[in-house]
Amino acid sequence: MAVTLPDQVELDPGSDYPLATQRPELLRTPTGKPIDELTMQAVLSGDVAAEDLRISPDTLRLQAQIAERVGRTQLARNFRRAAELTALPDDLVLSIYNSLRPNASTKQQLTDIADRLEGEYSATLCAELVREAADVYERRDVLA
Amino acid sequence: MTAEPLPVSTPASKRTEALEERPVNLDGFVEEWPEVGMVAMDSPYDPTPSVRVSDGVIVEMDGKPRGEFDFLDQFIADHAIDVSVTERAMALEPVEVARMLVDPTVTRSEVVEVAAGLTPAALLEVVKTMNVVEMMQALQKMRARRTPANQAHSTSARDNPVQVAAEAAEASLRGFRELETTLGVVRYAPLVAIALQVGALAGTPGALTQCALEEATELELGMRGITAYAETISVYGTEPVFCDGDDTPWSKAFLASAYASRGIKMRFTSGTGSEVQMGNAEGRSMLYLEIRCILVAKGAGVQGLQNGSISCIGVPGAVPAGIRAVLAENLLASTADLECASGNDQSFSHSDMRRTARLLPQLLSGTDFVCSGYSAVPNYDNMFAGSNLDSTDYDDWNTIQRDLQVDGALRHVPEEELLAARSRAARALQAVFARLGLPTITDKEVEAATYAHGSQDLPMRDVLEDLKAAQSVMDRGITGLDVIKALEASGYSDMAHTLLSVLRHRVSGDLLHTSAILTPELETLSAVNDANDYAGPGSGYRPAGERWREMKRLRHVVSASNPEEEIG
């Protein structure tokens with residue numbers, strides 16, 4: 001089956017948003033279920049797990065496109081970073097957040113996190129954010 | 001030489017005695033002290049606006065070369081300011097930008113584009129040219145969502161989940177689109193968060209819920225689908241205070257992406273006075289530092305900001321022009337194209353006149369959330385240390401809306417509807433607790449919660465049992481799905497369907513956009529599909545039709561056809 005990638009869909013914020021009502025056919029859970037399959041029946045029969053009630057990276061990229069088209073550059077970039085983070089388990093997300101707190105990490109630790117984000121999860125935007133933090137933290141003396 | 005002994009104190013006139021008795025004299029006021037930052041928005045120590053761009057990078061901002069940027073400067077220069085327009089925008093006189101803000105023939109998006117190029121010091125100079133009426137005129141154009149909304153605090157001095165459920169039902173029925181709780185005893189959080197969610201479902205559908213906690217815990221409850229959004233993500237205007245809050249702009253930007261990656265709506269929080277209160281304002285005015293917070297939020301790509309001094313309102317409230325500065329914060333958050341949940345959420349004054357005057361700029365202009373915490377409980381139950389409005393102010397609020405035909409997003413609800421919703425909320429929670437193996441809620445508690453005004457009207461709960469159960473919610477990995485199943489199995493099918501719908505919105509991500517709320521029909525309304533289109537008289541949002549009819553209803557309104565009768 002051909003999969004439509006978010007970059008291949010041209011969205012018009014005026015007619016396509018909210019996606020839930022205007023373009024539901026584009027929406028899938030991270031486990032690949034169409035959003036329409038998230039019914040009460042499916043919840044009760046155990047066919048819907050907590051992981052199904054999450055956003056997929058493709059959907060975040062669609063929403064980023066909408067944000068860009070209404071001129072919200074930073075919001076769109078946040079959605080694109082978020083798309084990368086969908087692949088990370090909750091505890092890893094929390095641990096990276098804690099590592100980014102002031103005086104919590106050495107420069108090497110932050111660099112390692114950035115490398116892992118890029119290498120293991122293809123999270124290049126997030127890796128870029130962490131590397132940038134490492135440089136600023138060094139200059140401002142807020143490394144561990 | 002002998003002299004008459006001086007009287008211990010000069011006797012006061014009867015007039016002075018009467019004035020001394022006035023509640024406003026219980027409020028605290030201090031002289032300005034710019035050296036420590038005790039100044040609202042007009043300090044000789046604030047920087048002079050400047051910008052210099054080289055090879056697409058800001059290399060000087062507000063008089064500081066890039067090498068001397070602190071981490072906020074650098075984050076703002078690299079992520080918030082639009083380098084492509086900054087030199088053109090900075091060439092404008094502050095008063096020209098202020099006129100664009102006020103002039104209804106200049107569109108919101110034109111202003112947003114210019115403002116995106118302004119530095120913190122430049123934005124400060126712009127609002128310094130504006131009086132409060134001009135700021136209000138600007139705010140009604142600059143708020144991101146066309147339709148105003150309101151947020152409630154639903155808390156309990158005893159962290160009583162049954163009370164919180166009943167209060168959440170009433171608050172959603174009265175019109176609040178977001179409900180926020182927090183705790184006296186933090187370990188109670190999972191039970192109270194479930195109670196808030198279940199209670200909200202028993203009123204008008206679509207009120208989103210949150211539980212204000214330490215960042216990591218708040219995120220965890222959100223990830224589990226027990227709460228629907230988050231707000232207590234604080235940012236600060238100086239580097240030392242940011243570090244004291246154990247964060248940096250980069251950690252907060254990462255957290256913003258973490259929330260979005262789980263489909264959860266989130267906004268940051270900041271406010272004038274926090275830096276001076278935390279003892280490190282670096283001699284800058286409160287508003288200059290707050291503008292840095294606004295731009296950090298913008299640069300992080302978070303959709304919105306709760307500001308308007310928030311829990312520090314006593315600080316700007318004590319200095320001259322402090323409440324003008326608080327309005328300026330809300331205006332600049334909106335001008336930065338962020339959702340603005342605009343304060344009015346903390347005990348502010350002993351004087352009813354003064355707390356109303358503090359409210360009017362946001363209420364009359366309309367903001368995305370007029371109060372970022374109207375206490376839906378009596379102030380003694382408010383675990384955010386009280387709000388500027390509480391549950392005894394509902395009738396005043398509704399009357400002010402009707403008097404001025406201004407939409408503060410609340411409505412009068414007949415007693416029988418309130419009681420039915422409160423009772424249903426408590427009953428549903430009773431059933432959910434039973435299904436999830438949580439401590440019993442008795443019929444007596446349900447009855448008490450239905451008719452209560454505050455926690456003092458409810459029987460005491462076994463706190464130790466509740467706290468053990470709260471821990472078990474976390475240990476057993478209970479999620480929003482478990483709550484849906486428990487509701488459905490207990491015959492609260494409509495509430496189960498509503499919660500499933502709310503959680504499904506995570507899959508679509510529609511609620512991640514600026515100023516998003518859910519309508520009672522469970523559809524997303526945000527600055528994308530409900531963009532503010534104010535363009536002067538006759539345009540923009542004006543309460544009309546069914547909403548205006550609803551606003552005309554009060555507790556006591558005499559019937560036109562029969563003066564003996566009250567309609568309500």
# chains A, B, ... in the order shown; residues from 1 in each chain; ligands from 1
call {"tool": "residues_around", "arguments": {"residues": "Gln22 of chain A", "least_positions_apart": "4", "cutoff": "12 Å", "atoms": "only C-alpha atoms", "output": "PyMOL selection string"}}
result
(chain A and resi 11-18+26-27) or (chain B and resi 508+510+523-524+529)
call {"tool": "write_last_selection", "arguments": {"atoms": "N, CA and C atoms", "output": "mmCIF file, in the first residue's frame"}}
result
data_model
loop_
_atom_site.group_PDB
_atom_site.id
_atom_site.type_symbol
_atom_site.label_atom_id
_atom_site.label_comp_id
_atom_site.auth_asym_id
_atom_site.auth_seq_id
_atom_site.Cartn_x
_atom_site.Cartn_y
_atom_site.Cartn_z
ATOM 1 N N LEU A 11 -1.261 21.293 2.341
ATOM 2 C CA LEU A 11 -2.408 21.641 3.174
ATOM 3 C C LEU A 11 -2.735 23.125 3.069
ATOM 4 N N ASP A 12 -4.029 23.402 3.107
ATOM 5 C CA ASP A 12 -4.497 24.779 3.122
ATOM 6 C C ASP A 12 -5.133 25.028 4.500
ATOM 7 N N PRO A 13 -4.505 25.872 5.332
ATOM 8 C CA PRO A 13 -5.035 26.069 6.697
ATOM 9 C C PRO A 13 -6.505 26.477 6.686
ATOM 10 N N GLY A 14 -6.911 27.197 5.655
ATOM 11 C CA GLY A 14 -8.291 27.670 5.593
ATOM 12 C C GLY A 14 -9.313 26.559 5.415
ATOM 13 N N SER A 15 -8.952 25.513 4.673
ATOM 14 C CA SER A 15 -9.943 24.464 4.415
ATOM 15 C C SER A 15 -9.580 23.124 5.041
ATOM 16 N N ASP A 16 -8.330 22.924 5.409
ATOM 17 C CA ASP A 16 -7.916 21.607 5.905
ATOM 18 C C ASP A 16 -7.820 21.511 7.429
ATOM 19 N N TYR A 17 -7.899 22.626 8.123
ATOM 20 C CA TYR A 17 -7.790 22.628 9.591
ATOM 21 C C TYR A 17 -9.168 22.895 10.186
ATOM 22 N N PRO A 18 -9.557 22.238 11.269
ATOM 23 C CA PRO A 18 -8.822 21.194 12.009
ATOM 24 C C PRO A 18 -8.761 19.877 11.213
ATOM 25 N N LEU A 26 -6.057 11.594 6.712
ATOM 26 C CA LEU A 26 -4.599 11.731 6.810
ATOM 27 C C LEU A 26 -4.067 11.289 8.176
ATOM 28 N N LEU A 27 -4.967 11.069 9.125
ATOM 29 C CA LEU A 27 -4.534 10.892 10.513
ATOM 30 C C LEU A 27 -4.454 9.419 10.907
ATOM 31 N N SER B 508 -4.768 13.876 16.546
ATOM 32 C CA SER B 508 -4.858 14.829 15.427
ATOM 33 C C SER B 508 -3.900 16.006 15.587
ATOM 34 N N ASP B 510 -4.577 18.889 16.547
ATOM 35 C CA ASP B 510 -5.206 20.190 16.271
ATOM 36 C C ASP B 510 -5.107 21.141 17.467
ATOM 37 N N GLU B 523 -15.212 20.411 19.088
ATOM 38 C CA GLU B 523 -14.427 20.807 17.921
ATOM 39 C C GLU B 523 -13.371 21.832 18.332
ATOM 40 N N THR B 524 -12.260 21.799 17.626
ATOM 41 C CA THR B 524 -11.163 22.701 17.973
ATOM 42 C C THR B 524 -11.417 24.108 17.458
ATOM 43 N N ASN B 529 -8.369 28.568 12.907
ATOM 44 C CA ASN B 529 -9.719 28.596 12.306
ATOM 45 C C ASN B 529 -10.640 29.620 12.973
#
call {"tool": "residues_around", "arguments": {"residues": "segment 370-381 of chain B", "least_positions_apart": "3", "cutoff": "6 Å", "atoms": "only C-alpha atoms", "output": "PyMOL selection string"}}
result
chain B and resi 150-154+156-157+341-345+362-363+367+386-387+389-391
call {"tool": "residues_around", "arguments": {"residues": "Ala134 of chain A", "least_positions_apart": "3", "cutoff": "7 Å", "atoms": "only C-alpha atoms", "output": "PDB file with C-alpha atoms, in the first residue's frame"}}
result
ATOM      1  CA  LYS A 107      29.844  19.281  27.747  1.00  0.00           C
ATOM      2  CA  LEU A 110      25.507  16.811  26.241  1.00  0.00           C
ATOM      3  CA  VAL A 130      21.318  20.076  22.455  1.00  0.00           C
ATOM      4  CA  ARG A 131      24.645  20.947  20.772  1.00  0.00           C
ATOM      5  CA  TYR A 137      26.312  26.476  28.683  1.00  0.00           C
ATOM      6  CA  GLU A 138      30.078  26.344  28.317  1.00  0.00           C
TER       7      GLU A 138
END
call {"tool": "interface_residues", "arguments": {"of": "chain B", "to": "chain A", "cutoff": "7 Å", "atoms": "only C-alpha atoms", "output": "PDB file with N, CA, C and O atoms, in the first residue's frame"}}
result
ATOM      1  N   ASP B  70      24.029  37.183  27.558  1.00  0.00           N
ATOM      2  CA  ASP B  70      23.750  36.090  28.502  1.00  0.00           C
ATOM      3  C   ASP B  70      22.900  35.070  27.758  1.00  0.00           C
ATOM      4  O   ASP B  70      22.577  35.250  26.581  1.00  0.00           O
ATOM      5  N   PHE B  71      22.517  33.969  28.438  1.00  0.00           N
ATOM      6  CA  PHE B  71      21.859  32.922  27.650  1.00  0.00           C
ATOM      7  C   PHE B  71      20.480  33.335  27.135  1.00  0.00           C
ATOM      8  O   PHE B  71      20.052  32.873  26.089  1.00  0.00           O
ATOM      9  N   ALA B 216       8.434  17.599  35.627  1.00  0.00           N
ATOM     10  CA  ALA B 216       8.524  16.211  35.179  1.00  0.00           C
ATOM     11  C   ALA B 216       7.254  15.424  35.528  1.00  0.00           C
ATOM     12  O   ALA B 216       6.763  14.616  34.733  1.00  0.00           O
ATOM     13  N   CYS B 243      18.256  29.987  36.315  1.00  0.00           N
ATOM     14  CA  CYS B 243      19.015  28.857  36.880  1.00  0.00           C
ATOM     15  C   CYS B 243      18.463  28.441  38.245  1.00  0.00           C
ATOM     16  O   CYS B 243      18.396  27.257  38.555  1.00  0.00           O
ATOM     17  N   ASP B 246      15.987  26.108  38.038  1.00  0.00           N
ATOM     18  CA  ASP B 246      16.535  24.839  37.556  1.00  0.00           C
ATOM     19  C   ASP B 246      16.211  24.581  36.083  1.00  0.00           C
ATOM     20  O   ASP B 246      15.937  23.452  35.687  1.00  0.00           O
ATOM     21  N   ASP B 247      16.270  25.627  35.286  1.00  0.00           N
ATOM     22  CA  ASP B 247      16.031  25.475  33.857  1.00  0.00           C
ATOM     23  C   ASP B 247      16.848  26.486  33.069  1.00  0.00           C
ATOM     24  O   ASP B 247      17.450  27.403  33.644  1.00  0.00           O
ATOM     25  N   THR B 248      16.839  26.306  31.769  1.00  0.00           N
ATOM     26  CA  THR B 248      17.422  27.276  30.835  1.00  0.00           C
ATOM     27  C   THR B 248      16.433  27.388  29.675  1.00  0.00           C
ATOM     28  O   THR B 248      15.527  26.557  29.559  1.00  0.00           O
ATOM     29  N   TRP B 250      16.951  26.462  26.780  1.00  0.00           N
ATOM     30  CA  TRP B 250      17.082  25.250  25.976  1.00  0.00           C
ATOM     31  C   TRP B 250      16.358  24.081  26.632  1.00  0.00           C
ATOM     32  O   TRP B 250      15.724  23.287  25.959  1.00  0.00           O
ATOM     33  N   SER B 251      16.449  23.970  27.971  1.00  0.00           N
ATOM     34  CA  SER B 251      15.723  22.870  28.612  1.00  0.00           C
ATOM     35  C   SER B 251      14.223  23.080  28.426  1.00  0.00           C
ATOM     36  O   SER B 251      13.473  22.129  28.190  1.00  0.00           O
ATOM     37  N   PHE B 254      13.195  22.236  24.896  1.00  0.00           N
ATOM     38  CA  PHE B 254      13.131  20.782  24.741  1.00  0.00           C
ATOM     39  C   PHE B 254      11.824  20.259  25.348  1.00  0.00           C
ATOM     40  O   PHE B 254      11.148  19.406  24.769  1.00  0.00           O
ATOM     41  N   LEU B 255      11.462  20.799  26.521  1.00  0.00           N
ATOM     42  CA  LEU B 255      10.233  20.367  27.184  1.00  0.00           C
ATOM     43  C   LEU B 255       9.004  20.700  26.317  1.00  0.00           C
ATOM     44  O   LEU B 255       8.046  19.924  26.249  1.00  0.00           O
ATOM     45  N   SER B 257       8.892  20.736  23.118  1.00  0.00           N
ATOM     46  CA  SER B 257       8.822  19.695  22.082  1.00  0.00           C
ATOM     47  C   SER B 257       8.376  18.360  22.664  1.00  0.00           C
ATOM     48  O   SER B 257       7.672  17.590  21.998  1.00  0.00           O
ATOM     49  N   ALA B 258       8.781  18.093  23.912  1.00  0.00           N
ATOM     50  CA  ALA B 258       8.376  16.838  24.555  1.00  0.00           C
ATOM     51  C   ALA B 258       6.856  16.775  24.672  1.00  0.00           C
ATOM     52  O   ALA B 258       6.238  15.759  24.359  1.00  0.00           O
ATOM     53  N   ALA B 260       4.622  18.459  22.866  1.00  0.00           N
ATOM     54  CA  ALA B 260       4.033  18.356  21.524  1.00  0.00           C
ATOM     55  C   ALA B 260       4.202  16.940  20.977  1.00  0.00           C
ATOM     56  O   ALA B 260       3.329  16.427  20.277  1.00  0.00           O
ATOM     57  N   SER B 261       5.325  16.283  21.341  1.00  0.00           N
ATOM     58  CA  SER B 261       5.570  14.939  20.809  1.00  0.00           C
ATOM     59  C   SER B 261       4.557  13.919  21.331  1.00  0.00           C
ATOM     60  O   SER B 261       4.429  12.838  20.792  1.00  0.00           O
ATOM     61  N   ARG B 262       3.865  14.279  22.409  1.00  0.00           N
ATOM     62  CA  ARG B 262       2.813  13.402  22.933  1.00  0.00           C
ATOM     63  C   ARG B 262       1.436  13.974  22.606  1.00  0.00           C
ATOM     64  O   ARG B 262       0.406  13.536  23.137  1.00  0.00           O
ATOM     65  N   GLY B 263       1.410  15.008  21.785  1.00  0.00           N
ATOM     66  CA  GLY B 263       0.128  15.578  21.355  1.00  0.00           C
ATOM     67  C   GLY B 263      -0.545  16.414  22.417  1.00  0.00           C
ATOM     68  O   GLY B 263      -1.752  16.664  22.343  1.00  0.00           O
ATOM     69  N   LYS B 298       8.374  32.653  22.726  1.00  0.00           N
ATOM     70  CA  LYS B 298       8.224  32.691  21.270  1.00  0.00           C
ATOM     71  C   LYS B 298       9.322  31.871  20.588  1.00  0.00           C
ATOM     72  O   LYS B 298       9.055  31.073  19.698  1.00  0.00           O
ATOM     73  N   GLY B 299      10.553  32.068  21.049  1.00  0.00           N
ATOM     74  CA  GLY B 299      11.687  31.367  20.435  1.00  0.00           C
ATOM     75  C   GLY B 299      11.627  29.861  20.645  1.00  0.00           C
ATOM     76  O   GLY B 299      12.065  29.089  19.797  1.00  0.00           O
ATOM     77  N   ALA B 300      11.071  29.441  21.775  1.00  0.00           N
ATOM     78  CA  ALA B 300      10.969  28.007  22.061  1.00  0.00           C
ATOM     79  C   ALA B 300       9.934  27.341  21.164  1.00  0.00           C
ATOM     80  O   ALA B 300       9.895  26.125  21.047  1.00  0.00           O
ATOM     81  N   GLY B 301       9.078  28.149  20.562  1.00  0.00           N
ATOM     82  CA  GLY B 301       8.056  27.571  19.684  1.00  0.00           C
ATOM     83  C   GLY B 301       6.869  27.027  20.446  1.00  0.00           C
ATOM     84  O   GLY B 301       6.083  26.248  19.908  1.00  0.00           O
ATOM     85  N   VAL B 302       6.731  27.440  21.710  1.00  0.00           N
ATOM     86  CA  VAL B 302       5.540  27.022  22.456  1.00  0.00           C
ATOM     87  C   VAL B 302       4.393  27.900  21.961  1.00  0.00           C
ATOM     88  O   VAL B 302       4.602  29.052  21.564  1.00  0.00           O
ATOM     89  N   GLN B 303       3.165  27.360  21.972  1.00  0.00           N
ATOM     90  CA  GLN B 303       2.060  28.101  21.355  1.00  0.00           C
ATOM     91  C   GLN B 303       1.585  29.278  22.203  1.00  0.00           C
ATOM     92  O   GLN B 303       0.955  30.187  21.677  1.00  0.00           O
ATOM     93  N   LEU B 481      -7.312   5.871  29.547  1.00  0.00           N
ATOM     94  CA  LEU B 481      -8.122   4.775  28.982  1.00  0.00           C
ATOM     95  C   LEU B 481      -8.839   3.992  30.074  1.00  0.00           C
ATOM     96  O   LEU B 481      -9.983   3.573  29.905  1.00  0.00           O
ATOM     97  N   LYS B 485     -12.868   3.382  30.432  1.00  0.00           N
ATOM     98  CA  LYS B 485     -13.492   2.066  30.625  1.00  0.00           C
ATOM     99  C   LYS B 485     -14.348   2.052  31.883  1.00  0.00           C
ATOM    100  O   LYS B 485     -15.446   1.493  31.889  1.00  0.00           O
ATOM    101  N   HIS B 497     -17.535   8.743  26.337  1.00  0.00           N
ATOM    102  CA  HIS B 497     -17.346   9.142  24.939  1.00  0.00           C
ATOM    103  C   HIS B 497     -16.658  10.512  24.842  1.00  0.00           C
ATOM    104  O   HIS B 497     -15.812  10.732  23.987  1.00  0.00           O
ATOM    105  N   LEU B 503      -9.197  12.713  24.247  1.00  0.00           N
ATOM    106  CA  LEU B 503      -7.908  12.042  24.082  1.00  0.00           C
ATOM    107  C   LEU B 503      -7.585  11.796  22.605  1.00  0.00           C
ATOM    108  O   LEU B 503      -6.426  11.819  22.198  1.00  0.00           O
ATOM    109  N   ARG B 504      -8.626  11.574  21.801  1.00  0.00           N
ATOM    110  CA  ARG B 504      -8.408  11.416  20.351  1.00  0.00           C
ATOM    111  C   ARG B 504      -7.807  12.680  19.729  1.00  0.00           C
ATOM    112  O   ARG B 504      -7.126  12.606  18.718  1.00  0.00           O
ATOM    113  N   ARG B 506      -5.458  14.211  20.733  1.00  0.00           N
ATOM    114  CA  ARG B 506      -3.995  14.103  20.744  1.00  0.00           C
ATOM    115  C   ARG B 506      -3.480  13.514  19.466  1.00  0.00           C
ATOM    116  O   ARG B 506      -2.365  13.777  19.053  1.00  0.00           O
ATOM    117  N   VAL B 507      -4.262  12.614  18.907  1.00  0.00           N
ATOM    118  CA  VAL B 507      -3.820  11.946  17.680  1.00  0.00           C
ATOM    119  C   VAL B 507      -3.819  12.939  16.520  1.00  0.00           C
ATOM    120  O   VAL B 507      -2.967  12.892  15.642  1.00  0.00           O
ATOM    121  N   SER B 508      -4.768  13.876  16.546  1.00  0.00           N
ATOM    122  CA  SER B 508      -4.858  14.829  15.427  1.00  0.00           C
ATOM    123  C   SER B 508      -3.900  16.006  15.587  1.00  0.00           C
ATOM    124  O   SER B 508      -3.494  16.616  14.607  1.00  0.00           O
ATOM    125  N   GLY B 509      -3.563  16.341  16.833  1.00  0.00           N
ATOM    126  CA  GLY B 509      -2.657  17.471  17.051  1.00  0.00           C
ATOM    127  C   GLY B 509      -3.282  18.832  16.817  1.00  0.00           C
ATOM    128  O   GLY B 509      -2.596  19.855  16.901  1.00  0.00           O
ATOM    129  N   ASP B 510      -4.577  18.889  16.547  1.00  0.00           N
ATOM    130  CA  ASP B 510      -5.206  20.190  16.271  1.00  0.00           C
ATOM    131  C   ASP B 510      -5.107  21.141  17.467  1.00  0.00           C
ATOM    132  O   ASP B 510      -5.020  22.356  17.297  1.00  0.00           O
ATOM    133  N   THR B 524     -12.260  21.799  17.626  1.00  0.00           N
ATOM    134  CA  THR B 524     -11.163  22.701  17.973  1.00  0.00           C
ATOM    135  C   THR B 524     -11.417  24.108  17.458  1.00  0.00           C
ATOM    136  O   THR B 524     -11.806  24.298  16.307  1.00  0.00           O
ATOM    137  N   VAL B 528      -6.031  29.433  14.312  1.00  0.00           N
ATOM    138  CA  VAL B 528      -5.980  29.088  12.883  1.00  0.00           C
ATOM    139  C   VAL B 528      -7.380  29.199  12.270  1.00  0.00           C
ATOM    140  O   VAL B 528      -7.561  29.873  11.255  1.00  0.00           O
ATOM    141  N   ASN B 529      -8.369  28.568  12.907  1.00  0.00           N
ATOM    142  CA  ASN B 529      -9.719  28.596  12.306  1.00  0.00           C
ATOM    143  C   ASN B 529     -10.640  29.620  12.973  1.00  0.00           C
ATOM    144  O   ASN B 529     -11.809  29.740  12.588  1.00  0.00           O
TER     145      ASN B 529
END
call {"tool": "residues_around", "arguments": {"residues": "segment 318-324 of chain B", "least_positions_apart": "2", "cutoff": "7 Å", "atoms": "only C-alpha atoms", "output": "PyMOL selection string"}}
result
chain B and resi 28-32+39-40+132+314-316+326-328+358
call {"tool": "residues_around", "arguments": {"residues": "Ala77 of chain B", "least_positions_apart": "3", "cutoff": "9 Å", "atoms": "only C-alpha atoms", "output": "list in words"}}
result
Val57, Ile58, Val59, Glu60, Met61, Leu72, Asp73, Gln74, Ala80, Ile81, Asp82, Val83, Thr119 and Gly299 of chain B
call {"tool": "write_last_selection", "arguments": {"atoms": "C-alpha atoms", "output": "compact mmCIF listing (two decimals), in the first residue's frame"}}
result
# COMPACT_ATOMS: atom_id res chain seq x y z
CA VAL B 57 23.17 36.62 12.66
CA ILE B 58 22.35 39.22 15.28
CA VAL B 59 25.75 40.40 16.50
CA GLU B 60 24.58 43.23 18.71
CA MET B 61 21.34 43.65 20.62
CA LEU B 72 18.52 34.71 27.34
CA ASP B 73 19.99 37.29 24.94
CA GLN B 74 21.44 34.58 22.78
CA ALA B 80 12.79 34.69 18.63
CA ILE B 81 13.73 37.70 16.52
CA ASP B 82 13.08 37.56 12.79
CA VAL B 83 16.48 38.49 11.38
CA THR B 119 14.35 43.57 20.43
CA GLY B 299 11.69 31.37 20.44
call {"tool": "select_by_dssp", "arguments": {"residues": "segment 7-77 of chain A", "states": "alpha helix (DSSP H)", "output": "count of residues only"}}
result
31
